[in-house]
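S.K.: Okay, here's the structure, questions in a sec.
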Amino acid sequence: MEADRAVVDAMGNRWKAKTTLLPEAKLGDLVLIHAGFAISLVDEEEAKKTWQLLAEIYEFDDTPNKVSG
Amino acid sequence: MLDRINKAQNLMNAACKAMGRQVHVMEVCGTHTVSIFRNGIRSILPGNLKLLSGPGCPVCVTDQGYIDIVLELADREECIIATYGDMIRVPGKDHSLETKRAKADVKVVLSSEDALQLAKDNPGKTVVFVAVGFETTAPATAVVVKEAAAESIDNFCILSGHKLVVPAMRALLSGMNHNIDAFLCPGHVSVIIGYGAFAEIVDDFGRPCVVAGFEAVQIIEGLCEICEQLSTGKAELKSMYPAVVTEKGNAAAQRVIEECFEAADGYWRGLGKIEKSTLKLKDKYERFDAFRRFDVTEVPAEEARGCRCGEVLCGLIEPPECRLFGETCTPQEPVGPCMVSSEGACAAWFKYGRKKTQKP
Amino acid sequence: MVQVRPKEDAETMKAGKHEKILLAHGGGGQLMEELIRHHILPNFKNDTLAELGDSARLNLASGSLCFTTDSYVVKPLFFNGGDIGKLAVCGTVNDLAVAGSRPAALALSLIIEDGFEIALLDRILASIADTARQSSVDIVTGDTKTVEAGAADGIFINTAGIGVRIPDADLGFGRIAAGDKILINGTLGDHGMTIISQRQDMGFQSQLASDCAALAPLTCELLENATGVKFMRDPTRGGLAATLNEIARGAGLSIEIREKDVPVRPAVQAAADMLGFEVLTIANEGKFVAVVAPESADRCLSMCTNHPLGKDAKIIGEVIETSDVPVVEMETRIGGRRIVQMPYGRELPRIC
């Protein structure tokens, strides 16, 4: 992360995103991205509930959209 | 996951059976439209639960008058048009941005930042950013307007087509379509405005409003909650997307919208003029307002003959009921925006639903 | 690649040590001959090509032949998992393979832009040679043209291929019947999403890799050792959706597939979701769809999963009767149903 620019990781794909709308985002946070901007932190506990459901069908165990740099 | 879906299905079936009549639930989010189709959700709902697709696709509700302005600006030598991909195939009176591309400078961008960068990279031209979208996308536009102001990027301007969801919902219930029992509310708009923004629909119109995410299980559980409320005569506001939606929403995003924009009356395709339903740049930023810079006004245009996008957007008809659907109006040769936009009801129906010739 | 280049001098030109393609390299004269001798021939050592005749004379086993051609204009030229050269061989070899033949010989035509780096050309030629060698197919004839800068976006390649029909193979729409199973040899969408991810304007980097591969070893094994393979096609542009619709239309029968059985890598799915694409419509370059008789399905599946080119193979659905216009329908993960329409060609440009 650098000022309001961040690199976000989603299943191993890395995207650039701006954190202007989410000043509280820190490295390692899970975020929701829209049109190149992080617009919300993702509550990990709540998100896990959905991922666990999806993981029953998919074979993955990774997490979406982590702020990684 | 299938257990949860089966459970929700059973509850919905029971609730809808108890109600005995046809129940109409409207979704007002293009992403919901697509997810519902991709997952084949309609095929597992109770027979008397009808899912209506509403004015949730920002491209679809953009009046043709706006598109014609963009096309006119595209014709000007000094302009570079920067637009999100979905807009380029929407037909104006004679052309779309795509057909204009051969002679005009039209660039597809993935974010508003890319549009601003275009302005920085092309100092001899004026970049006009086609700023279309609901409250989810408006903050991204506001951020770059502020940046342009701070860095004095004077060859950048925006043509704001941003729209507000709640006024449209009010307009529907006040006149255009009374036959809506409840709303499945948009997930990402709610991230910005907070689910509390829908309270007025519940309070003033007595309709249940449930915010849901975009995964199939989230949509189905959202619909289940709605059915249960309806069958017990309740009308409540509920968010079922706690991972990212809060009651108050994203304060930083709301602040930046407030700083740059004010609500103005505007034209929605199909719904007509809705008060205080569009975002106009404040006087403070007027030099970045393409409407004022080029002295153009949006004049609502007439629909192409036979096009029933307006009725589709109000949830009054389903796409196959339009005579043009799938025959004269196809994704390759669209007549109206509902067929062009990837989130349009007609495009979704065409892509994922049976054609008139394909019997169930 | 940006390098400071020394000015060309007469000596350098005579020695054929050019660093960039010149229009003259396509002129049919000395420069072209040097290009062929120093760069092209050394990669493709076979007697037929060495003759450098106007046409290649082939002695192929008797029996009927398959013949195909494809042009390759992919951008970028080099990508994770392959390059335009590898693609040019695999694409044509695969068309021969899924038609039920053993690929025998390829023709290679190059259209190269003035100013193209010869070092890049060498890389591409080496890649073509490696891929051809691994596919046991010879490049027996070819052509080289040069065009002005800007007219070919680097390099365009065309390959034409001849294959010898496998005697027991009997593939055709007419053989397909209700009850037949639909088999795919692995994950979908890898090639198309890799290409997109490596285009600058898309704004993301990833570890995705193209599945570009020559399928003949597996298809020949299937056709020679299992009965009941009725039809095959490779789902390139338009992806699985296009191929299944073509099959349904050609056979006059409907097809039903199950989303949960369609193999997709999570990274590919995530990238597609972010960009709004549907994996079923994304191009593949190392996959085939086979329609097999129900009694052969398990055997065919295990032959695939035991082969490096088919370890993620799955049976994804079946052919069903229809009393009406054939459709391709999918049972979604949640037990819903939706149609898989023929994609309308708006998908990505220049992925192969």
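Please note that chains go A, B, ... in the order of the structure tokens, that every chain numbers its residues from 1, and that ligands are numbered from 1 in the order shown.
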If the cut-off is 8 Å, can you tell me the residues of chain B near chain A, counting only C-alpha atoms? I'd like them as a list in words.

M.R.: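 Result: Met1, Leu110, Ser111, Ser112, Glu113, Thr136, Thr137, Pro139, Ala140, Val143, Val191, Ile192, Pro242, Ala243, Val244, Asn250, Ala252 and Ala253 of chain B.
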
S.K.: Can you check which residues of chain C have any atom within 6 Å of chain A? Use only C-alpha atoms and format it as a list in words.

M.R.: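 Contact residues on the first chain: Phe204, Gln205, Ser206 and Ala267 of chain C.
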
S.K.: So that I have them on file, write out the residues from the current selection with C-alpha atoms, as a short mmCIF file (atom, residue, chain, number, x, y, z; two decimals), in the first residue's frame.

M.R.:
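Result written to selection.cif:
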```cif
data_model
loop_
_atom_site.label_atom_id
_atom_site.label_comp_id
_atom_site.auth_asym_id
_atom_site.auth_seq_id
_atom_site.Cartn_x
_atom_site.Cartn_y
_atom_site.Cartn_z
CA PHE C 204 -4.41 -7.11 -13.28
CA GLN C 205 -1.55 -9.53 -12.91
CA SER C 206 -1.95 -13.16 -12.16
CA ALA C 267 -8.27 -18.22 -10.07
#
```

S.K.: Counting only C-alpha atoms, which residues of chain B fall within 6 Å of chain C, and what is the closest atom pair for each with its distance in Å at one decimal, ordered by chain and rising number, as CSV?

M.R.:
```
residue,atom,partner,partner_atom,distance
B:Asn39,CA,C:Thr332,CA,5.5
B:Gly40,CA,C:Gly336,CA,4.5
B:Ile41,CA,C:Gly336,CA,5.6
B:Ser43,CA,C:Gly336,CA,5.5
B:Ile44,CA,C:Gly336,CA,5.7
B:Lys351,CA,C:Gln341,CA,5.6
B:Tyr352,CA,C:Ile339,CA,4.7
B:Gly353,CA,C:Ile339,CA,5.5
B:Gln358,CA,C:Val325,CA,5.8
```

S.K.: Keeping N, CA and C atoms, export the residues of the selection given above as a PDB file, in the first residue's frame.

M.R.:
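Printed below is again13.pdb as written:
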```
ATOM      1  N   ASN B  39     -27.770 -18.251 -12.123  1.00  0.00           N
ATOM      2  CA  ASN B  39     -27.985 -19.372 -11.213  1.00  0.00           C
ATOM      3  C   ASN B  39     -29.297 -20.091 -11.454  1.00  0.00           C
ATOM      4  N   GLY B  40     -30.077 -19.576 -12.395  1.00  0.00           N
ATOM      5  CA  GLY B  40     -31.352 -20.217 -12.690  1.00  0.00           C
ATOM      6  C   GLY B  40     -32.303 -20.153 -11.498  1.00  0.00           C
ATOM      7  N   ILE B  41     -32.278 -19.052 -10.757  1.00  0.00           N
ATOM      8  CA  ILE B  41     -33.066 -18.962  -9.538  1.00  0.00           C
ATOM      9  C   ILE B  41     -34.563 -18.990  -9.798  1.00  0.00           C
ATOM     10  N   SER B  43     -36.177 -20.661 -11.729  1.00  0.00           N
ATOM     11  CA  SER B  43     -36.686 -22.019 -11.950  1.00  0.00           C
ATOM     12  C   SER B  43     -36.922 -22.782 -10.646  1.00  0.00           C
ATOM     13  N   ILE B  44     -36.433 -22.261  -9.514  1.00  0.00           N
ATOM     14  CA  ILE B  44     -36.690 -22.996  -8.276  1.00  0.00           C
ATOM     15  C   ILE B  44     -37.568 -22.214  -7.292  1.00  0.00           C
ATOM     16  N   LYS B 351     -29.814 -14.205 -23.059  1.00  0.00           N
ATOM     17  CA  LYS B 351     -28.637 -15.032 -22.888  1.00  0.00           C
ATOM     18  C   LYS B 351     -28.907 -16.289 -22.073  1.00  0.00           C
ATOM     19  N   TYR B 352     -29.779 -16.174 -21.088  1.00  0.00           N
ATOM     20  CA  TYR B 352     -29.953 -17.288 -20.161  1.00  0.00           C
ATOM     21  C   TYR B 352     -31.329 -17.922 -20.175  1.00  0.00           C
ATOM     22  N   GLY B 353     -32.258 -17.259 -20.857  1.00  0.00           N
ATOM     23  CA  GLY B 353     -33.617 -17.784 -20.842  1.00  0.00           C
ATOM     24  C   GLY B 353     -33.954 -18.362 -22.196  1.00  0.00           C
ATOM     25  N   GLN B 358     -37.906 -21.673 -28.252  1.00  0.00           N
ATOM     26  CA  GLN B 358     -37.428 -22.792 -27.445  1.00  0.00           C
ATOM     27  C   GLN B 358     -38.437 -23.076 -26.351  1.00  0.00           C
TER      28      GLN B 358
END
```

S.K.: Quick one, how far is atom CA of Ile118 of chain C from atom CA of Ile84 of chain C?

M.R.: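 Here the two named atoms are 14.9 Å from each other.
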
S.K.: Please run DSSP on the backbone and report, as a VMD selection string, all residues within segment 204-355 of chain B that come out as alpha helix (DSSP H).

M.R.: chain B and resid 204 to 205 216 to 231 251 to 260 290 to 293 309 to 313 337 to 340 345 to 352

S.K.: Those residues you just picked out, can you put them in a file as an mmCIF file, in the first residue's frame with C-alpha atoms?

M.R.:
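Okay, this is what ended up in selection-v8.cif:
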```cif
data_model
loop_
_atom_site.group_PDB
_atom_site.id
_atom_site.type_symbol
_atom_site.label_atom_id
_atom_site.label_comp_id
_atom_site.auth_asym_id
_atom_site.auth_seq_id
_atom_site.Cartn_x
_atom_site.Cartn_y
_atom_site.Cartn_z
ATOM 1 C CA ASP B 204 -44.064 5.500 3.589
ATOM 2 C CA PHE B 205 -45.224 2.636 1.383
ATOM 3 C CA ALA B 216 -27.352 -17.511 -5.127
ATOM 4 C CA VAL B 217 -27.808 -18.620 -1.537
ATOM 5 C CA GLN B 218 -27.889 -14.990 -0.365
ATOM 6 C CA ILE B 219 -30.498 -14.028 -2.964
ATOM 7 C CA ILE B 220 -32.666 -17.021 -2.162
ATOM 8 C CA GLU B 221 -32.513 -16.389 1.581
ATOM 9 C CA GLY B 222 -33.345 -12.749 0.909
ATOM 10 C CA LEU B 223 -36.404 -13.774 -1.074
ATOM 11 C CA CYS B 224 -37.357 -16.218 1.647
ATOM 12 C CA GLU B 225 -37.242 -13.443 4.254
ATOM 13 C CA ILE B 226 -39.473 -11.319 2.012
ATOM 14 C CA CYS B 227 -42.007 -14.117 1.561
ATOM 15 C CA GLU B 228 -42.150 -14.762 5.270
ATOM 16 C CA GLN B 229 -42.715 -11.078 5.975
ATOM 17 C CA LEU B 230 -45.436 -10.821 3.356
ATOM 18 C CA SER B 231 -47.237 -13.914 4.505
ATOM 19 C CA ALA B 251 -19.199 7.744 5.446
ATOM 20 C CA ALA B 252 -16.142 8.716 3.395
ATOM 21 C CA ALA B 253 -18.003 7.901 0.179
ATOM 22 C CA GLN B 254 -21.111 9.804 1.231
ATOM 23 C CA ARG B 255 -18.978 12.782 2.185
ATOM 24 C CA VAL B 256 -17.270 12.937 -1.140
ATOM 25 C CA ILE B 257 -20.583 12.676 -3.010
ATOM 26 C CA GLU B 258 -21.998 15.447 -0.822
ATOM 27 C CA GLU B 259 -18.970 17.606 -1.494
ATOM 28 C CA CYS B 260 -19.125 17.380 -5.256
ATOM 29 C CA ALA B 290 -19.377 18.913 -19.292
ATOM 30 C CA PHE B 291 -22.999 20.069 -19.455
ATOM 31 C CA ARG B 292 -21.930 23.597 -18.559
ATOM 32 C CA ARG B 293 -18.575 23.600 -20.313
ATOM 33 C CA CYS B 309 -37.563 -0.842 -22.615
ATOM 34 C CA GLY B 310 -39.492 1.611 -20.466
ATOM 35 C CA GLU B 311 -42.114 -0.968 -19.501
ATOM 36 C CA VAL B 312 -39.438 -3.591 -18.942
ATOM 37 C CA LEU B 313 -37.599 -1.232 -16.604
ATOM 38 C CA PRO B 337 -30.460 -0.327 -23.967
ATOM 39 C CA CYS B 338 -32.004 -3.233 -22.049
ATOM 40 C CA MET B 339 -30.641 -5.528 -24.710
ATOM 41 C CA VAL B 340 -27.208 -3.962 -24.902
ATOM 42 C CA ALA B 345 -33.121 -7.558 -18.318
ATOM 43 C CA CYS B 346 -33.531 -8.187 -22.030
ATOM 44 C CA ALA B 347 -29.895 -9.167 -22.546
ATOM 45 C CA ALA B 348 -30.019 -11.451 -19.522
ATOM 46 C CA TRP B 349 -33.243 -13.038 -20.671
ATOM 47 C CA PHE B 350 -31.846 -13.523 -24.157
ATOM 48 C CA LYS B 351 -28.637 -15.032 -22.888
ATOM 49 C CA TYR B 352 -29.953 -17.288 -20.161
#
```

S.K.: List as a PDB file with N, CA and C atoms, in the first residue's frame the protein and nucleic acid residues near segment 301-315 of chain C, meaning an atom at most 6 Å away when only C-alpha atoms are counted, but skip any in the same chain fewer than 4 places from it.

M.R.:
```pdb
ATOM      1  N   ILE C 182     -21.324 -36.350 -22.414  1.00  0.00           N
ATOM      2  CA  ILE C 182     -20.430 -35.269 -22.834  1.00  0.00           C
ATOM      3  C   ILE C 182     -19.207 -35.296 -21.922  1.00  0.00           C
ATOM      4  N   LEU C 183     -18.040 -35.418 -22.522  1.00  0.00           N
ATOM      5  CA  LEU C 183     -16.790 -35.539 -21.771  1.00  0.00           C
ATOM      6  C   LEU C 183     -15.875 -34.376 -22.121  1.00  0.00           C
ATOM      7  N   ILE C 184     -15.228 -33.829 -21.113  1.00  0.00           N
ATOM      8  CA  ILE C 184     -14.254 -32.758 -21.360  1.00  0.00           C
ATOM      9  C   ILE C 184     -12.964 -33.153 -20.645  1.00  0.00           C
ATOM     10  N   ASN C 185     -11.819 -32.835 -21.256  1.00  0.00           N
ATOM     11  CA  ASN C 185     -10.555 -33.354 -20.699  1.00  0.00           C
ATOM     12  C   ASN C 185      -9.886 -32.468 -19.646  1.00  0.00           C
ATOM     13  N   GLY C 186     -10.554 -31.416 -19.200  1.00  0.00           N
ATOM     14  CA  GLY C 186      -9.915 -30.626 -18.146  1.00  0.00           C
ATOM     15  C   GLY C 186     -10.551 -29.270 -17.943  1.00  0.00           C
TER      16      GLY C 186
END
```

S.K.: Which distance in Å separates atom CA of Gly124 of chain B and atom CA of Asp154 of chain B, to one decimal?

M.R.: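 Atom-to-atom, atom CA of Gly124 of chain B and atom CA of Asp154 of chain B are spaced 10.7 Å apart.
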
S.K.: Rounded to one decimal place, report the atom CA of Met26 of chain B-atom CA of Leu49 of chain B distance in Å.

M.R.: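 Separation of atom CA of Met26 of chain B and atom CA of Leu49 of chain B: 10.6 Å.
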
S.K.: Kindly provide the residues of segment 126-242 of chain C that approach segment 87-96 of chain C to within 8 Å, each paired with its closest atom pair and their distance in Å to one decimal, based on only C-alpha atoms, listed by chain and increasing number, as JSON lines.

M.R.:
```
{"residue": "C:Ile128", "atom": "CA", "partner": "C:Val89", "partner_atom": "CA", "distance": 6.3}
{"residue": "C:Thr131", "atom": "CA", "partner": "C:Val89", "partner_atom": "CA", "distance": 6.6}
{"residue": "C:Ala132", "atom": "CA", "partner": "C:Val89", "partner_atom": "CA", "distance": 6.4}
{"residue": "C:Ser135", "atom": "CA", "partner": "C:Val93", "partner_atom": "CA", "distance": 7.9}
{"residue": "C:Ile157", "atom": "CA", "partner": "C:Ala88", "partner_atom": "CA", "distance": 6.8}
{"residue": "C:Asn158", "atom": "CA", "partner": "C:Ala88", "partner_atom": "CA", "distance": 7.0}
{"residue": "C:Thr159", "atom": "CA", "partner": "C:Ala88", "partner_atom": "CA", "distance": 6.3}
{"residue": "C:Ala160", "atom": "CA", "partner": "C:Thr92", "partner_atom": "CA", "distance": 6.7}
{"residue": "C:Gly161", "atom": "CA", "partner": "C:Thr92", "partner_atom": "CA", "distance": 6.2}
{"residue": "C:Ile162", "atom": "CA", "partner": "C:Leu96", "partner_atom": "CA", "distance": 7.2}
{"residue": "C:Gly163", "atom": "CA", "partner": "C:Leu96", "partner_atom": "CA", "distance": 5.9}
{"residue": "C:Cys212", "atom": "CA", "partner": "C:Leu87", "partner_atom": "CA", "distance": 6.5}
{"residue": "C:Ala213", "atom": "CA", "partner": "C:Cys90", "partner_atom": "CA", "distance": 5.7}
{"residue": "C:Ala214", "atom": "CA", "partner": "C:Cys90", "partner_atom": "CA", "distance": 4.6}
{"residue": "C:Leu215", "atom": "CA", "partner": "C:Asn94", "partner_atom": "CA", "distance": 5.7}
{"residue": "C:Ala216", "atom": "CA", "partner": "C:Asn94", "partner_atom": "CA", "distance": 6.4}
{"residue": "C:Arg233", "atom": "CA", "partner": "C:Asp95", "partner_atom": "CA", "distance": 7.7}
{"residue": "C:Asp234", "atom": "CA", "partner": "C:Asn94", "partner_atom": "CA", "distance": 7.1}
```

S.K.: Would you mind exporting the chosen residues as a PDB file, in the first residue's frame, restricted to C-alpha atoms?

M.R.:
```pdb
ATOM      1  CA  ILE C 128       7.156 -23.910 -33.159  1.00  0.00           C
ATOM      2  CA  THR C 131       5.914 -28.060 -30.177  1.00  0.00           C
ATOM      3  CA  ALA C 132       5.979 -29.766 -33.557  1.00  0.00           C
ATOM      4  CA  SER C 135       3.511 -33.570 -31.440  1.00  0.00           C
ATOM      5  CA  ILE C 157       1.133 -16.851 -38.599  1.00  0.00           C
ATOM      6  CA  ASN C 158      -0.893 -19.297 -40.640  1.00  0.00           C
ATOM      7  CA  THR C 159      -0.537 -23.041 -40.404  1.00  0.00           C
ATOM      8  CA  ALA C 160      -2.236 -25.613 -42.574  1.00  0.00           C
ATOM      9  CA  GLY C 161      -2.164 -29.250 -41.593  1.00  0.00           C
ATOM     10  CA  ILE C 162      -2.692 -32.702 -43.007  1.00  0.00           C
ATOM     11  CA  GLY C 163      -3.595 -35.712 -40.923  1.00  0.00           C
ATOM     12  CA  CYS C 212      -2.166 -24.436 -24.849  1.00  0.00           C
ATOM     13  CA  ALA C 213      -1.297 -28.055 -25.714  1.00  0.00           C
ATOM     14  CA  ALA C 214      -1.313 -30.471 -28.635  1.00  0.00           C
ATOM     15  CA  LEU C 215      -4.045 -33.002 -27.958  1.00  0.00           C
ATOM     16  CA  ALA C 216      -3.217 -35.635 -30.578  1.00  0.00           C
ATOM     17  CA  ARG C 233     -14.459 -30.679 -31.113  1.00  0.00           C
ATOM     18  CA  ASP C 234     -12.056 -28.244 -29.496  1.00  0.00           C
TER      19      ASP C 234
END
```

S.K.: May I have the residues within 7 Å of Ile88 of chain B as a ChimeraX atom specification, using only C-alpha atoms and disregarding those fewer than 4 positions away in the same chain?

M.R.: /B:96-98

S.K.: Residues of the last selection are to be written out with C-alpha atoms, as a compact mmCIF listing (two decimals), in the first residue's frame.

M.R.:
```
# COMPACT_ATOMS: atom_id res chain seq x y z
CA SER B 96 -23.53 4.28 -30.84
CA LEU B 97 -20.13 5.18 -29.41
CA GLU B 98 -18.90 1.98 -30.92
```
